[in-house]
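Asker: Coordinates in coords.cif, mmCIF, C-alpha atoms, are listed below.
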data_protein
loop_
_atom_site.label_atom_id
_atom_site.label_comp_id
_atom_site.auth_asym_id
_atom_site.auth_seq_id
_atom_site.Cartn_x
_atom_site.Cartn_y
_atom_site.Cartn_z
CA MET A 184 0.00 0.00 0.00
CA ASN A 185 1.46 3.31 -1.09
CA THR A 186 1.04 5.92 1.64
CA SER A 187 2.44 8.74 -0.48
CA ARG A 188 0.44 10.52 -3.10
CA SER A 189 -0.24 8.37 -6.14
CA PRO A 190 0.95 9.97 -9.39
CA HIS A 191 -2.25 8.75 -11.02
CA LEU A 192 -4.26 11.07 -8.78
CA THR A 193 -3.09 14.04 -10.80
CA ARG A 194 -4.63 12.41 -13.86
CA ARG A 195 -7.83 11.13 -12.30
CA SER A 196 -9.89 13.54 -14.35
CA LEU A 197 -8.10 12.48 -17.50
CA SER A 198 -10.69 11.64 -20.13
CA ARG A 199 -10.75 8.16 -21.55
CA THR A 200 -9.98 9.81 -24.87
CA THR A 201 -6.42 10.12 -23.64
CA ALA A 202 -6.46 6.57 -22.35
CA ARG A 203 -7.41 5.45 -25.85
CA ALA A 204 -4.63 7.63 -27.22
CA HIS A 205 -2.20 5.70 -25.05
CA GLU A 206 -3.64 2.49 -26.48
CA LEU A 207 -3.14 3.80 -30.01
CA ASN A 208 0.41 4.82 -29.08
CA GLY A 209 1.00 1.24 -28.01
CA LEU A 210 -0.17 0.02 -31.41
CA ARG A 211 2.27 2.39 -33.05
CA ARG A 212 5.16 1.08 -30.97
CA GLU A 213 4.27 -2.51 -31.86
CA SER A 214 4.12 -1.65 -35.54
CA ASN A 215 7.44 0.19 -35.39
CA SER A 216 9.09 -2.81 -33.77
CA ARG A 217 7.91 -5.06 -36.60
CA GLN A 218 8.64 -2.85 -39.60
CA PRO A 219 9.85 0.78 -39.73
CA GLY A 220 7.31 3.14 -41.29
CA LEU A 221 4.38 0.72 -41.02
CA ALA A 222 2.74 2.73 -38.22
CA MET A 223 2.89 5.93 -40.24
CA ILE A 224 1.37 4.21 -43.27
CA ALA A 225 -1.39 2.77 -41.09
CA LEU A 226 -2.17 6.18 -39.61
CA VAL A 227 -2.35 7.77 -43.06
CA LEU A 228 -4.73 5.04 -44.21
CA LEU A 229 -6.87 5.52 -41.11
CA THR A 230 -7.03 9.25 -41.73
CA LEU A 231 -8.03 8.76 -45.37
CA ALA A 232 -10.62 6.13 -44.45
CA SER A 233 -11.99 8.38 -41.79
CA GLY A 234 -12.40 11.20 -44.28
CA CYS A 235 -14.42 9.10 -46.72
CA SER A 236 -16.42 7.00 -44.25
CA PRO A 237 -20.18 7.46 -44.27
CA ALA A 238 -21.60 9.75 -41.62
CA LEU A 239 -24.13 8.48 -39.12
CA THR A 240 -27.63 9.24 -40.33
CA ARG A 241 -29.40 11.73 -38.09
CA ASN A 242 -32.50 13.87 -37.95
CA PRO A 243 -31.19 16.73 -35.81
CA VAL A 244 -33.35 19.47 -34.30
CA PRO A 245 -33.46 22.63 -36.46
CA GLU A 246 -31.94 25.58 -34.64
CA ALA A 247 -35.17 27.58 -34.93
CA ILE A 248 -37.08 25.15 -32.69
CA VAL A 249 -34.34 23.96 -30.31
CA GLU A 250 -36.14 25.68 -27.41
CA ASP A 251 -39.49 24.11 -28.24
CA VAL A 252 -38.84 20.38 -28.70
CA GLN A 253 -39.47 18.06 -25.75
CA PRO A 254 -39.05 14.36 -24.94
CA PHE A 255 -42.40 12.69 -25.63
CA GLY A 256 -43.53 16.15 -26.75
CA ARG A 257 -44.11 16.91 -23.10
CA ALA A 258 -42.85 20.03 -21.29
CA GLY A 259 -41.59 20.05 -17.70
CA LEU A 260 -39.26 17.03 -17.88
CA ARG A 261 -36.03 19.02 -18.16
CA ILE A 262 -34.53 22.48 -17.99
CA TRP A 263 -31.43 24.14 -19.38
CA GLY A 264 -28.62 24.24 -16.82
CA ASP A 265 -27.31 27.63 -17.90
CA ALA A 266 -29.13 30.61 -19.41
CA LEU A 267 -32.92 30.76 -19.27
CA THR A 268 -35.34 33.25 -20.76
CA ASP A 269 -37.66 35.21 -18.49
CA ASP A 270 -40.54 33.05 -19.70
CA GLU A 271 -38.62 29.86 -18.83
CA VAL A 272 -37.83 31.18 -15.35
CA ARG A 273 -41.48 32.11 -14.73
CA ALA A 274 -42.65 28.72 -16.04
CA PHE A 275 -40.22 26.85 -13.79
CA ILE A 276 -41.24 28.83 -10.70
CA ALA A 277 -44.93 28.30 -11.48
CA SER A 278 -44.36 24.55 -11.90
CA GLN A 279 -42.71 24.31 -8.46
CA ALA A 280 -45.24 26.44 -6.58
CA PRO A 281 -47.90 23.77 -5.85
CA ALA A 282 -45.38 21.29 -4.39
CA LEU A 283 -43.68 23.98 -2.27
CA LYS A 284 -47.00 25.19 -0.87
CA ALA A 285 -48.15 21.66 -0.09
CA GLN A 286 -44.87 20.64 1.51
CA PHE A 287 -43.94 23.74 3.49
CA GLY A 288 -47.08 25.85 3.73
CA PRO A 289 -48.39 24.17 6.92
CA GLN A 290 -45.03 24.60 8.74
CA ILE A 291 -44.83 28.26 7.80
CA ALA A 292 -48.44 28.79 8.89
CA ALA A 293 -47.49 27.28 12.25
CA GLY A 294 -44.65 29.77 12.61
CA LYS A 295 -41.89 27.26 11.92
CA THR A 296 -38.95 27.60 9.51
CA PRO A 297 -38.67 24.59 7.19
CA LYS A 298 -35.18 23.17 6.82
CA VAL A 299 -34.13 21.35 3.65
CA GLU A 300 -30.89 19.83 2.37
CA PHE A 301 -29.55 19.43 -1.17
CA LEU A 302 -26.76 17.22 -2.51
CA ALA A 303 -24.71 17.78 -5.69
CA LEU A 304 -22.40 15.03 -7.00
CA SER A 305 -19.66 15.58 -9.57
CA GLY A 306 -18.18 13.36 -12.25
CA GLY A 307 -14.95 11.41 -11.93
CA GLY A 308 -15.31 7.87 -13.35
CA GLN A 309 -14.08 5.23 -10.91
CA TRP A 310 -13.27 8.05 -8.48
CA GLY A 311 -17.00 8.13 -7.71
CA ALA A 312 -16.08 5.47 -5.13
CA PHE A 313 -14.95 8.42 -2.98
CA GLY A 314 -18.46 9.90 -2.89
CA ALA A 315 -20.08 6.49 -2.39
CA GLY A 316 -17.84 5.86 0.62
CA ILE A 317 -18.73 9.24 2.11
CA LEU A 318 -22.46 8.53 1.80
CA ASN A 319 -22.07 5.17 3.53
CA ALA A 320 -20.14 6.66 6.47
CA TRP A 321 -22.63 9.53 6.65
CA SER A 322 -25.41 6.97 7.02
CA GLU A 323 -23.50 5.10 9.73
CA SER A 324 -23.11 8.35 11.69
CA GLY A 325 -26.87 8.77 11.93
CA THR A 326 -26.60 12.38 10.72
CA ARG A 327 -27.24 11.94 7.01
CA PRO A 328 -30.29 13.99 6.01
CA VAL A 329 -33.09 13.06 3.66
CA PHE A 330 -32.16 15.31 0.75
CA GLN A 331 -34.86 17.52 -0.68
CA GLY A 332 -32.96 17.47 -3.96
CA VAL A 333 -30.07 15.52 -5.49
CA SER A 334 -28.20 16.28 -8.69
CA GLY A 335 -25.51 14.23 -10.39
CA ILE A 336 -23.24 14.43 -13.41
CA SER A 337 -21.31 11.56 -15.04
CA THR A 338 -20.35 9.13 -12.24
CA GLY A 339 -22.44 11.41 -10.01
CA ALA A 340 -25.43 10.55 -12.21
CA ILE A 341 -24.88 6.88 -11.37
CA ILE A 342 -24.74 7.64 -7.64
CA ALA A 343 -27.59 10.18 -7.61
CA PRO A 344 -30.68 7.91 -7.80
CA PHE A 345 -29.44 5.79 -4.90
CA ALA A 346 -28.37 8.80 -2.83
CA PHE A 347 -31.83 10.25 -3.50
CA LEU A 348 -33.61 7.12 -2.26
CA GLY A 349 -31.63 7.11 0.97
CA SER A 350 -29.30 5.12 3.18
CA GLY A 351 -31.00 1.85 2.34
CA GLU A 352 -29.24 1.95 -1.05
CA ASP A 353 -25.70 2.21 0.36
CA ALA A 354 -25.05 -1.49 -0.24
CA THR A 355 -25.96 -1.03 -3.90
CA LEU A 356 -23.44 1.80 -4.25
CA ARG A 357 -20.78 -0.29 -2.55
CA GLU A 358 -21.44 -3.07 -5.05
CA ILE A 359 -21.34 -0.74 -8.07
CA TYR A 360 -18.00 0.73 -6.98
CA SER A 361 -16.31 -2.51 -5.96
CA GLU A 362 -17.51 -5.36 -8.17
CA TYR A 363 -17.11 -4.09 -11.76
CA SER A 364 -13.90 -3.90 -13.77
CA THR A 365 -13.24 -2.23 -17.11
CA ASP A 366 -14.07 -5.24 -19.29
CA GLN A 367 -17.47 -5.48 -17.58
CA LEU A 368 -18.35 -1.89 -18.47
CA GLU A 369 -16.81 -1.14 -21.87
CA ARG A 370 -15.35 -2.77 -24.97
CA SER A 371 -12.62 -1.20 -27.05
CA THR A 372 -13.61 -0.19 -30.59
CA LEU A 373 -10.43 1.75 -31.24
CA LEU A 374 -9.86 0.96 -34.91
CA SER A 375 -13.49 0.96 -36.03
CA GLY A 376 -14.06 4.10 -34.00
CA LEU A 377 -11.22 5.88 -35.76
CA ILE A 378 -12.38 4.75 -39.19
CA SER A 379 -16.12 5.33 -39.09
CA GLY A 380 -17.49 5.31 -35.56
CA THR A 381 -18.59 7.83 -32.97
CA ALA A 382 -16.34 6.64 -30.14
CA LEU A 383 -13.30 4.60 -29.21
CA ALA A 384 -15.24 2.31 -26.87
CA ASP A 385 -18.59 0.54 -26.81
CA THR A 386 -20.58 0.98 -23.59
CA THR A 387 -23.15 -1.74 -24.23
CA PRO A 388 -21.84 -3.59 -21.13
CA LEU A 389 -22.36 -0.42 -19.07
CA ALA A 390 -25.92 -0.19 -20.41
CA GLN A 391 -26.54 -3.74 -19.17
CA VAL A 392 -25.20 -2.89 -15.71
CA ILE A 393 -27.36 0.25 -15.56
CA ALA A 394 -30.40 -1.82 -16.55
CA LYS A 395 -29.66 -4.23 -13.70
CA TYR A 396 -29.99 -1.46 -11.11
CA ILE A 397 -32.39 1.02 -12.74
CA THR A 398 -35.52 -1.11 -12.59
CA PRO A 399 -39.25 -0.35 -12.93
CA GLU A 400 -39.57 -0.71 -9.16
CA LEU A 401 -36.79 1.81 -8.56
CA LEU A 402 -38.49 4.31 -10.87
CA GLU A 403 -41.75 3.82 -8.99
CA ARG A 404 -39.96 4.71 -5.75
CA ILE A 405 -38.43 7.81 -7.35
CA ALA A 406 -41.86 8.84 -8.63
CA ALA A 407 -43.32 8.42 -5.13
CA GLU A 408 -40.67 10.73 -3.67
CA HIS A 409 -41.22 13.20 -6.50
CA ALA A 410 -44.89 13.34 -5.50
CA LYS A 411 -43.73 14.57 -2.06
CA GLY A 412 -41.95 17.51 -3.68
CA ARG A 413 -38.42 16.06 -3.76
CA LYS A 414 -36.23 16.52 -6.84
CA LEU A 415 -33.71 14.28 -8.62
CA PHE A 416 -31.73 15.85 -11.46
CA ILE A 417 -29.25 14.25 -13.84
CA GLY A 418 -27.05 16.44 -16.01
CA THR A 419 -26.09 15.83 -19.64
CA THR A 420 -24.65 18.03 -22.37
CA ASN A 421 -26.73 18.66 -25.48
CA LEU A 422 -23.82 18.58 -27.90
CA ASP A 423 -25.79 20.10 -30.79
CA ALA A 424 -26.63 23.12 -28.66
CA GLY A 425 -23.39 23.02 -26.65
CA ARG A 426 -25.40 23.52 -23.45
CA PRO A 427 -25.98 21.68 -20.16
CA VAL A 428 -29.36 20.06 -19.57
CA LEU A 429 -30.86 19.08 -16.20
CA TRP A 430 -33.30 16.19 -16.48
CA ASP A 431 -36.02 15.95 -13.82
CA ILE A 432 -35.93 12.18 -13.29
CA GLY A 433 -38.85 12.22 -10.86
CA ALA A 434 -41.03 14.07 -13.36
CA ILE A 435 -40.01 11.61 -16.09
CA ALA A 436 -40.74 8.64 -13.84
CA SER A 437 -44.15 10.12 -12.97
CA SER A 438 -45.10 11.03 -16.53
CA GLY A 439 -46.73 7.74 -17.43
CA GLU A 440 -45.21 7.94 -20.89
CA PRO A 441 -44.21 4.69 -22.58
CA GLY A 442 -40.46 4.32 -22.74
CA VAL A 443 -39.62 6.25 -19.55
CA LEU A 444 -37.54 3.39 -18.12
CA GLN A 445 -35.37 3.22 -21.23
CA LEU A 446 -35.06 7.01 -21.33
CA VAL A 447 -33.81 7.20 -17.72
CA ARG A 448 -31.32 4.41 -18.33
CA GLU A 449 -30.06 6.14 -21.46
CA LEU A 450 -29.78 9.50 -19.72
CA ILE A 451 -27.55 7.99 -17.04
CA ARG A 452 -25.38 6.44 -19.76
CA ALA A 453 -25.37 9.73 -21.65
CA SER A 454 -24.25 11.63 -18.57
CA ALA A 455 -21.22 9.32 -18.37
CA ALA A 456 -20.54 9.36 -22.13
CA ILE A 457 -17.17 11.10 -22.34
CA PRO A 458 -17.02 12.57 -25.87
CA VAL A 459 -14.94 10.53 -28.35
CA ALA A 460 -14.09 7.91 -25.72
CA PHE A 461 -17.71 6.77 -25.22
CA PRO A 462 -20.50 6.90 -27.79
CA PRO A 463 -23.09 9.67 -27.52
CA ILE A 464 -26.72 8.92 -26.75
CA PHE A 465 -29.41 10.10 -29.15
CA VAL A 466 -32.58 11.24 -27.43
CA GLU A 467 -35.80 11.45 -29.41
CA VAL A 468 -37.71 14.69 -29.00
CA GLU A 469 -40.97 15.90 -30.48
CA ALA A 470 -41.84 19.31 -31.87
CA LYS A 471 -45.18 21.07 -31.43
CA ASP A 472 -46.25 19.90 -34.90
CA GLY A 473 -45.62 16.27 -33.94
CA LYS A 474 -42.43 15.83 -35.93
CA VAL A 475 -39.75 13.74 -34.22
CA TYR A 476 -36.07 14.69 -34.14
CA ASP A 477 -32.99 13.50 -32.29
CA GLU A 478 -30.62 15.31 -29.95
CA MET A 479 -27.04 14.19 -29.32
CA HIS A 480 -26.27 14.01 -25.59
CA VAL A 481 -22.91 13.31 -23.97
CA ASP A 482 -21.20 13.54 -20.59
CA GLY A 483 -22.65 16.29 -18.45
CA GLY A 484 -19.05 17.08 -17.52
CA ALA A 485 -18.49 18.46 -21.03
CA ALA A 486 -20.50 21.50 -19.88
CA SER A 487 -19.92 21.45 -16.10
CA GLN A 488 -18.38 19.07 -13.57
CA VAL A 489 -21.00 19.61 -10.87
CA THR A 490 -24.32 21.41 -10.91
CA PHE A 491 -27.32 22.17 -8.76
CA ILE A 492 -29.68 24.42 -10.72
CA SER A 493 -29.43 27.10 -13.36
CA PRO A 494 -28.05 30.34 -11.87
CA GLU A 495 -30.95 32.05 -13.64
CA ILE A 496 -33.34 30.63 -11.03
CA PRO A 497 -33.49 33.11 -8.08
CA ILE A 498 -34.20 30.52 -5.40
CA ALA A 499 -34.70 32.83 -2.41
CA ALA A 500 -36.75 35.38 -4.33
CA ALA A 501 -38.91 32.64 -5.83
CA THR A 502 -39.47 31.06 -2.41
CA ARG A 503 -40.55 34.38 -0.92
CA HIS A 504 -42.88 34.91 -3.87
CA ILE A 505 -44.50 31.49 -3.39
CA LEU A 506 -44.45 31.10 0.42
CA GLY A 507 -44.18 34.66 1.64
CA ARG A 508 -40.76 34.01 3.21
CA ASN A 509 -37.52 32.14 2.57
CA ILE A 510 -36.68 28.78 4.17
CA ASP A 511 -33.48 27.36 5.69
CA ARG A 512 -31.46 25.53 3.04
CA ARG A 513 -28.11 23.72 3.06
CA LEU A 514 -26.16 22.55 0.01
CA TRP A 515 -23.67 19.68 0.19
CA VAL A 516 -21.28 19.26 -2.76
CA ILE A 517 -19.13 16.14 -3.25
CA VAL A 518 -16.45 16.55 -5.92
CA ASN A 519 -15.01 13.19 -6.97
CA ASN A 520 -11.81 14.89 -8.04
CA ASP A 521 -8.60 16.28 -6.60
CA LEU A 522 -8.32 20.05 -6.84
CA GLU A 523 -4.87 20.59 -5.32
CA PRO A 524 -2.41 18.46 -7.33
CA PRO A 525 1.31 18.44 -6.46
CA HIS A 526 4.09 19.30 -8.86
CA GLU A 527 4.78 16.49 -11.32
CA VAL A 528 7.19 16.45 -14.23
CA VAL A 529 5.40 15.74 -17.53
CA LYS A 530 7.11 13.56 -20.11
CA PRO A 531 7.79 15.39 -23.41
CA ARG A 532 5.38 13.19 -25.33
CA ILE A 533 2.14 14.15 -27.04
CA THR A 534 -0.03 11.77 -24.98
CA SER A 535 1.48 12.92 -21.68
CA ILE A 536 1.22 16.58 -22.62
CA GLY A 537 -2.34 16.22 -23.94
CA GLY A 538 -3.47 14.09 -21.03
CA THR A 539 -2.12 16.45 -18.41
CA ALA A 540 -3.59 19.45 -20.22
CA VAL A 541 -7.05 17.82 -20.38
CA SER A 542 -6.80 16.91 -16.70
CA SER A 543 -5.95 20.52 -15.85
CA LEU A 544 -8.89 21.80 -17.91
CA ILE A 545 -11.32 19.48 -16.14
CA ARG A 546 -9.90 20.34 -12.74
CA GLY A 547 -10.23 24.05 -13.52
CA SER A 548 -13.81 23.50 -14.63
CA ALA A 549 -14.63 21.78 -11.33
CA ILE A 550 -13.12 24.65 -9.35
CA GLY A 551 -15.09 27.16 -11.43
CA ASP A 552 -18.29 25.20 -10.81
CA LEU A 553 -17.69 25.34 -7.06
CA TYR A 554 -17.35 29.11 -7.25
CA ARG A 555 -20.58 29.29 -9.25
CA LEU A 556 -22.43 27.18 -6.69
CA TYR A 557 -20.94 29.27 -3.89
CA ALA A 558 -22.21 32.45 -5.57
CA ILE A 559 -25.69 30.95 -5.90
CA ALA A 560 -25.60 29.90 -2.25
CA GLU A 561 -24.54 33.37 -1.13
CA ARG A 562 -27.28 35.04 -3.18
CA ASP A 563 -30.00 32.68 -2.02
CA GLU A 564 -28.99 32.42 1.66
CA ILE A 565 -28.04 28.74 1.34
CA LYS A 566 -25.42 27.30 3.70
CA PHE A 567 -22.59 26.01 1.50
CA ASN A 568 -20.59 22.85 2.27
CA ALA A 569 -18.21 21.19 -0.18
CA THR A 570 -15.58 18.47 -0.21
CA TRP A 571 -13.12 17.09 -2.73
CA ILE A 572 -10.44 14.42 -2.76
CA PRO A 573 -7.46 15.61 -0.70
CA PRO A 574 -3.85 15.46 -1.94
CA GLU A 575 -2.86 12.34 -0.02
CA VAL A 576 -4.77 9.13 -0.77
CA PRO A 577 -3.24 5.86 0.52
CA CYS A 578 -4.44 3.67 -2.35
CA PRO A 579 -2.61 1.60 -4.97
CA ASP A 580 -2.31 3.17 -8.38
CA PRO A 581 -5.27 2.26 -10.62
CA GLU A 582 -4.21 -0.12 -13.39
CA GLU A 583 -7.22 0.45 -15.63
CA ASP A 584 -10.24 2.69 -16.17
CA PHE A 585 -12.22 0.75 -13.55
CA ASP A 586 -9.87 -0.97 -11.13
CA LYS A 587 -11.74 -2.91 -8.46
CA ALA A 588 -8.88 -2.88 -5.93
CA PHE A 589 -8.43 0.86 -6.34
CA MET A 590 -12.17 1.61 -6.07
CA ARG A 591 -12.52 -0.49 -2.92
CA CYS A 592 -9.62 1.37 -1.34
CA LEU A 593 -10.98 4.78 -2.36
CA TYR A 594 -14.43 3.82 -1.04
CA GLU A 595 -12.93 3.06 2.36
CA PHE A 596 -10.83 6.21 2.23
CA GLY A 597 -13.92 8.35 1.53
CA GLY A 598 -15.65 6.82 4.53
CA ASN A 599 -12.66 7.35 6.81
CA TYR A 600 -12.27 10.90 5.56
CA PHE A 601 -15.84 11.58 6.67
CA ARG A 602 -15.29 9.90 10.03
CA GLY A 603 -12.21 12.06 10.61
CA GLY A 604 -14.42 15.14 10.83
CA ASP A 605 -12.32 17.31 8.49
CA LEU A 606 -14.41 16.76 5.38
CA TRP A 607 -16.56 19.81 4.70
CA ARG A 608 -15.37 23.25 3.61
CA GLN A 609 -17.60 26.32 3.74
CA VAL A 610 -15.86 28.13 0.88
CA PRO A 611 -14.49 27.04 -2.52
CA PRO A 612 -10.82 26.08 -2.86
CA PHE A 613 -8.25 28.89 -2.85
CA PHE A 614 -10.80 31.37 -1.50
CA ALA A 615 -9.38 33.62 1.23
CA THR A 616 -11.68 34.73 4.04
CA GLY A 617 -9.10 36.89 5.85
CA LEU A 618 -5.43 37.58 6.31
CA PRO A 619 -3.08 34.63 6.96
CA GLU A 620 -2.04 34.13 10.53
CA GLU A 621 1.33 35.48 11.60
CA PRO A 622 3.91 32.79 12.41
CA ALA A 623 4.32 32.05 16.11
CA GLY A 624 7.20 33.80 17.86
#
Kindly present the structure from the file in structure tokens form.
Answerer:
Amino acid sequence: MNTSRSPHLTRRSLSRTTARAHELNGLRRESNSRQPGLAMIALVLLTLASGCSPALTRNPVPEAIVEDVQPFGRAGLRIWGDALTDDEVRAFIASQAPALKAQFGPQIAAGKTPKVEFLALSGGGQWGAFGAGILNAWSESGTRPVFQGVSGISTGAIIAPFAFLGSGEDATLREIYSEYSTDQLERSTLLSGLISGTALADTTPLAQVIAKYITPELLERIAAEHAKGRKLFIGTTNLDAGRPVLWDIGAIASSGEPGVLQLVRELIRASAAIPVAFPPIFVEVEAKDGKVYDEMHVDGGAASQVTFISPEIPIAAATRHILGRNIDRRLWVIVNNDLEPPHEVVKPRITSIGGTAVSSLIRGSAIGDLYRLYAIAERDEIKFNATWIPPEVPCPDPEEDFDKAFMRCLYEFGGNYFRGGDLWRQVPPFFATGLPEEPAG
């Protein structure tokens, strides 16, 4: 067991695109060892084949109606995660008003201040074991709240439904983050992907695993909690629009539309679909005239690493408008990522340079998202609490995209980190709240 910082931790956020690049680099080295120049010829042929390969047939949404199309032709099942029009803000507030009045109106009438908790879970691939371990230890402590709302992106989207349903699902999360290895979740399609495909891996195995856990019974339970006013959001990126989308899974589960089970399963897979590495998911949507189109959705992390709600929604102002006063809210953010990497010398190779650069971009995005959530919390009088993977993690280096030994170790580490009592921060990373203390003496 390595008690010093693992060098792989600095690349945890590295997209599987880079991992596939390493695989391709290995193919080049093999070719070079057999016959000089063969790798270059192969790459040229791949490039030419790629240029003349047939494109995937699509029926994309015309730009003019991108705001109007809906899954099943039904409004209220999703919302943009970034900019909203005034009409969209008013419509969202109006849609939430009945549930808020029913849930909190009696307490306010009795002179009490309702208290609610929200949980936001970031992406991070196998590093989601960190968040799963935290949730388990939180349950064991007896202090874990019933969250009024849960949102998840990428690996956070896998965790989110079970975190939403409560501590009784902790064993399921432990299983998901300890019993599956890479070959049980993805298949390499490197060469076909380069020639004519949409990705370098096939996630059909992942779809089968998702189907095992996202069952009709589980959706019924989510729908029942949605009826109580609780919210479960999963984030994807609409690649055609280049914008984040928050899917209201409870509203989808409650819609009664045929195909909701498959849609929820596909949305979870889409949220984890790292562009190029994993294939995108095409979601059918219907226009007002009944015509059906498709949207291309990929990893929610392509737009943001962690989310809660669009910053266009004025939560406190809306609550006062609906209930006559604000309520006591707390936001808990679990970032399955390290945000304070140590110095590490990068090899002067294209894969190392590209991989480290991508990792830095993703890390910077996660930090920016924390600042955005902090700003929302400050505006809307929400108590902010966040955590992320600390610099020192005593786990063996992961040997693959989903390494069971590594995930089991990180799961236990996340739990112990919670038990240590030094988990939650009330400000984003690198945010000063005063002058540094003078050294003693």
Asker: Kindly indicate which residue among A:Ile393, A:His504, A:Pro622, A:Phe301 lies nearest to Ile517 in chain A, using only C-alpha atoms for the distances.
Answerer: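 Answer, going by the shortest atom-to-atom distance: A:Phe301.
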Asker: So how many Å separate CA of Tyr554 in chain A and CA of Ala315 in chain A, to one decimal?
Answerer: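 Between CA of Tyr554 in chain A and CA of Ala315 in chain A the gap is 23.3 Å.
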Asker: Excluding Ala266 in chain A and its own-chain neighbours fewer than 5 positions away, which residues fall within 9 Å of it when counting all atoms listed in the file? Please give them as a list in words.
Answerer: Arg426, Ser493, Pro494 and Glu495 of chain A
Asker: Nearest to Tyr557 in chain A among A:Tyr600, A:Phe275, A:Trp310, A:Trp515, with distances taken over only C-alpha atoms: which residue is it?
Answerer: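 Going through A:Tyr600, A:Phe275, A:Trp310, A:Trp515 one by one, the smallest distance to Tyr557 in chain A is for A:Trp515.
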Asker: Which residue is closest to Ala424 in chain A? Choose from A:Ala486, A:Ala320, A:Val468, A:Val475 and count only C-alpha atoms.
Answerer: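 With only C-alpha atoms as the atom set, the closest residue is A:Ala486.
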Asker: Identify all residues satisfying the PyMOL selection byres ((chain A and resi 587) around 9) in the given file; provide them as a PyMOL selection string.
Answerer: chain A and resi 309+360-365+581+585-586+588-592
Asker: Would you compute the distance between CA of Gln367 in chain A and CA of Leu402 in chain A? Give it in Å to one decimal.
Answerer: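 Separating CA of Gln367 in chain A from CA of Leu402 in chain A is a distance of 24.1 Å.
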Asker: Could you tell me how far CA of Val447 in chain A lies from CA of Leu593 in chain A, in Å and to one decimal?
Answerer: 27.6 Å
Asker: Tell me which of A:Leu318, A:Val249, A:Val272, A:Met479 sits closest to Ala500 in chain A, counting only C-alpha atoms.
Answerer: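 Nearest to Ala500 in chain A: A:Val272.
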Asker: Which residue, A:Ser543, A:Asn421, A:Ser324, A:Thr240, has the smallest gap to Leu450 in chain A when you use only C-alpha atoms?
Answerer: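 With only C-alpha atoms as the atom set, the closest residue is A:Asn421.
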Asker: Go through A:Pro619, A:Pro497, A:Gly597, A:Gly306 one by one, measure the shortest atom-to-atom distance of each to Asp552 in chain A using only C-alpha atoms, and give the residue with the smallest value.
Answerer: A:Gly306
Asker: Which neighbours of Val518 in chain A fall inside 8 Å, counting only C-alpha atoms, when residues of the same chain fewer than 2 positions from it are skipped, and could you give them as a PyMOL selection string?
Answerer: chain A and resi 304-306+314+489+516+520-521+549+569-572
Asker: Tell me which protein, DNA and RNA residues are within 10 Å of Val392 in chain A, counting only C-alpha atoms, leaving out same-chain ones fewer than 5 positions away, and put them as a list in words.
Answerer: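 Contacts, with the query itself left out: Ile359, Tyr363, Gln367, Leu368, Thr386, Thr387, Ile397 and Arg448 of chain A.
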Asker: Residues near Leu422 in chain A, anyone? I mean within 10 Å using only C-alpha atoms, not counting same-chain ones fewer than 6 positions away, as a PyMOL selection string.
Answerer: chain A and resi 458+463+478-483+485-486
Asker: Counting all atoms listed in the file, note down every residue that has an atom within 9 Å of the point (-44.4, 20.1, -0.2) (file coordinates), as a PyMOL selection string.
Answerer: chain A and resi 281-288+410-413
